[in-house]
Amino acid sequence: MNCKICDTTSEKIFKVKIMNKYDVSYFNCANCGFIQTEEPYWLNEAYKVSINLTDVGLLSRNFYFSKLTATILYYVFGKNTVCLDYAGGYGVFVRLMRDIGFDFYWQDAYTDNLFAKGFEYDPKNDKTGLITSFECFEHFINPIDEISKLLNISNNIVFSTELLPSPAPQPDKWWYYGFNHGQHISFYSLKTLNYIAKKFNLYFYSNNCNYHIMTSQKINPMLLKCLLRFSSHLFEFIIKRRMKSLINDDVSFLSKHFQTIRPEK
């Protein structure tokens with residue numbers, strides 16, 4: 001099987017049962033470090049519910065990434081940057097970022113927008129300067145095609161995915177394979193993400209764990225290291241105090257443009 005990142009031959013490393021039902025082979029690319037499953041024929045069943053039952057960290061993850069991303073936006077890309085949260089799930093992250101004061105919009109082809117209604121992404125009025133995409137890359141069937149689509153919108157992508165340890169973990173040694181739900185089909189090492197960035201002529205930065213940036217903008221590595229390390233303090237004591245929340249503006253906008261449905265008495 002050829003690697004979906006660099007198109008070289010990948011070696012089968014193990015075969016496991018996923019969703020307690022399907023025997024699936026996993027392949028590792030020695031050239032770029034990418035791990036992929038065989039062609040994922042089971043995805044229609046895996047996505048009967050778009051956000052899997054075991055993703056109990058959804059809310060805490062959104063709170064964590066909102067502070068981190070607010071810091072990166074404020075000090076690197078600019079507080080007035082228009083942003084798209086790609087594959088934004090229920091809209092929690094968009095609502096959090098707008099509550100802080102950042103101009104965020106939502107897009108997700110598979111999940112209902114519960115918390116960011118009225119702020120859906122409109123490609124006809126696209127002024128997007130940055131894309132966020134959290135816990136999405138591991139779901140890509142064809143990562144290069146998907147990343148190309150994102151780069152057609154913006155050359156700045158902030159995203160999360162757990163880095164593949166080296167050497168590649170055995171099936172029982174890494175929770176992120178997600179065998180129980182079957183939705184994770186693509187796994188990236190630091191080497192993989194560097195390869196992708198070079199392929200698209202982008203700079204790549206990472207916290208070497210789960211938070212990454214691909215961008216056309218060169219960032220001072222020492223500045224970024226400090227921002228990532230002290231993001232919580234910077235957010236609480238500087239950013240949150242200086243930013244103007246969009247809550248009141250959003251209430252006015254929604255009241256003006258959307259009819260409120262009142263329950264019958």
# chains A, B, ... in the order shown; residues from 1 in each chain; ligands from 1
>>> residues_around(residues="range 198-210 of chain A", least_positions_apart="3", cutoff="9 Å", atoms="only C-alpha atoms", output="CSV table (one decimal) with C-alpha atoms, in the first residue's frame")
chain,number,residue,atom,x,y,z
A,148,SER,CA,-5.0,21.5,0.0
A,151,LEU,CA,-4.9,26.2,2.0
A,155,ASN,CA,-2.2,29.8,4.3
A,156,ASN,CA,-2.3,29.8,8.1
A,159,PHE,CA,-4.5,22.5,14.3
A,160,SER,CA,-4.2,19.7,16.9
A,161,THR,CA,-3.5,16.0,16.5
A,162,GLU,CA,-1.5,13.8,18.8
A,163,LEU,CA,2.0,13.2,17.5
A,164,LEU,CA,2.8,9.6,16.7
A,190,LEU,CA,6.7,15.2,13.7
A,193,LEU,CA,4.1,17.1,9.5
A,194,ASN,CA,7.4,18.6,8.5
A,195,TYR,CA,7.2,16.8,5.2
A,213,ILE,CA,1.0,25.5,13.1
A,214,MET,CA,1.5,25.5,9.4
A,215,THR,CA,1.9,29.0,8.0
A,216,SER,CA,3.3,31.2,5.3
A,217,GLN,CA,4.4,33.5,8.1
A,218,LYS,CA,7.8,33.1,9.7
A,219,ILE,CA,7.5,33.0,13.5
A,221,PRO,CA,10.9,30.3,17.6
A,224,LEU,CA,6.5,31.0,20.1
A,225,LYS,CA,8.0,28.9,22.8
A,228,LEU,CA,3.0,28.3,24.3
>>> select_by_dssp(residues="range 29-250 of chain A", states="strand (DSSP E or B)", output="ChimeraX atom specification")
/A:35-37,83-86,104-107,120,130-134,156-160,186-187,203-206,211-215
>>> residues_around(residues="Glu138 in chain A", least_positions_apart="2", cutoff="8 Å", atoms="only C-alpha atoms", output="short mmCIF file (atom, residue, chain, number, x, y, z; two decimals) with C-alpha atoms, in the first residue's frame")
data_model
loop_
_atom_site.label_atom_id
_atom_site.label_comp_id
_atom_site.auth_asym_id
_atom_site.auth_seq_id
_atom_site.Cartn_x
_atom_site.Cartn_y
_atom_site.Cartn_z
CA GLU A 135 -8.82 16.84 16.35
CA CYS A 136 -9.57 16.60 12.65
CA PHE A 140 -8.73 12.60 6.98
CA THR A 161 -3.49 16.01 16.50
CA HIS A 184 -9.03 7.68 13.53
CA ILE A 185 -7.42 6.49 10.31
CA SER A 186 -4.39 8.81 9.81
CA PHE A 187 -1.52 9.30 12.25
CA TYR A 188 1.29 11.83 11.96
#
>>> select_by_dssp(residues="range 50-248 of chain A", states="alpha helix (DSSP H)", output="JSON, numbers by chain")
{"A": [58, 59, 60, 61, 62, 63, 64, 65, 66, 67, 68, 69, 70, 71, 72, 92, 93, 94, 95, 96, 97, 98, 99, 100, 143, 144, 145, 146, 147, 148, 149, 150, 151, 190, 191, 192, 193, 194, 195, 196, 197, 198, 199, 221, 222, 223, 224, 225, 226, 227, 228, 229, 231, 232, 233, 234, 240, 241, 242, 247, 248]}
>>> atom_distance(atom1="CA of Cys29 in chain A", atom2="CA of Val16 in chain A")
18.1 Å
>>> closest_residue(among="A:Gln170, A:Asn44, A:Ser66, A:Asn52", to="Ile13 in chain A", atoms="only C-alpha atoms")
A:Gln170
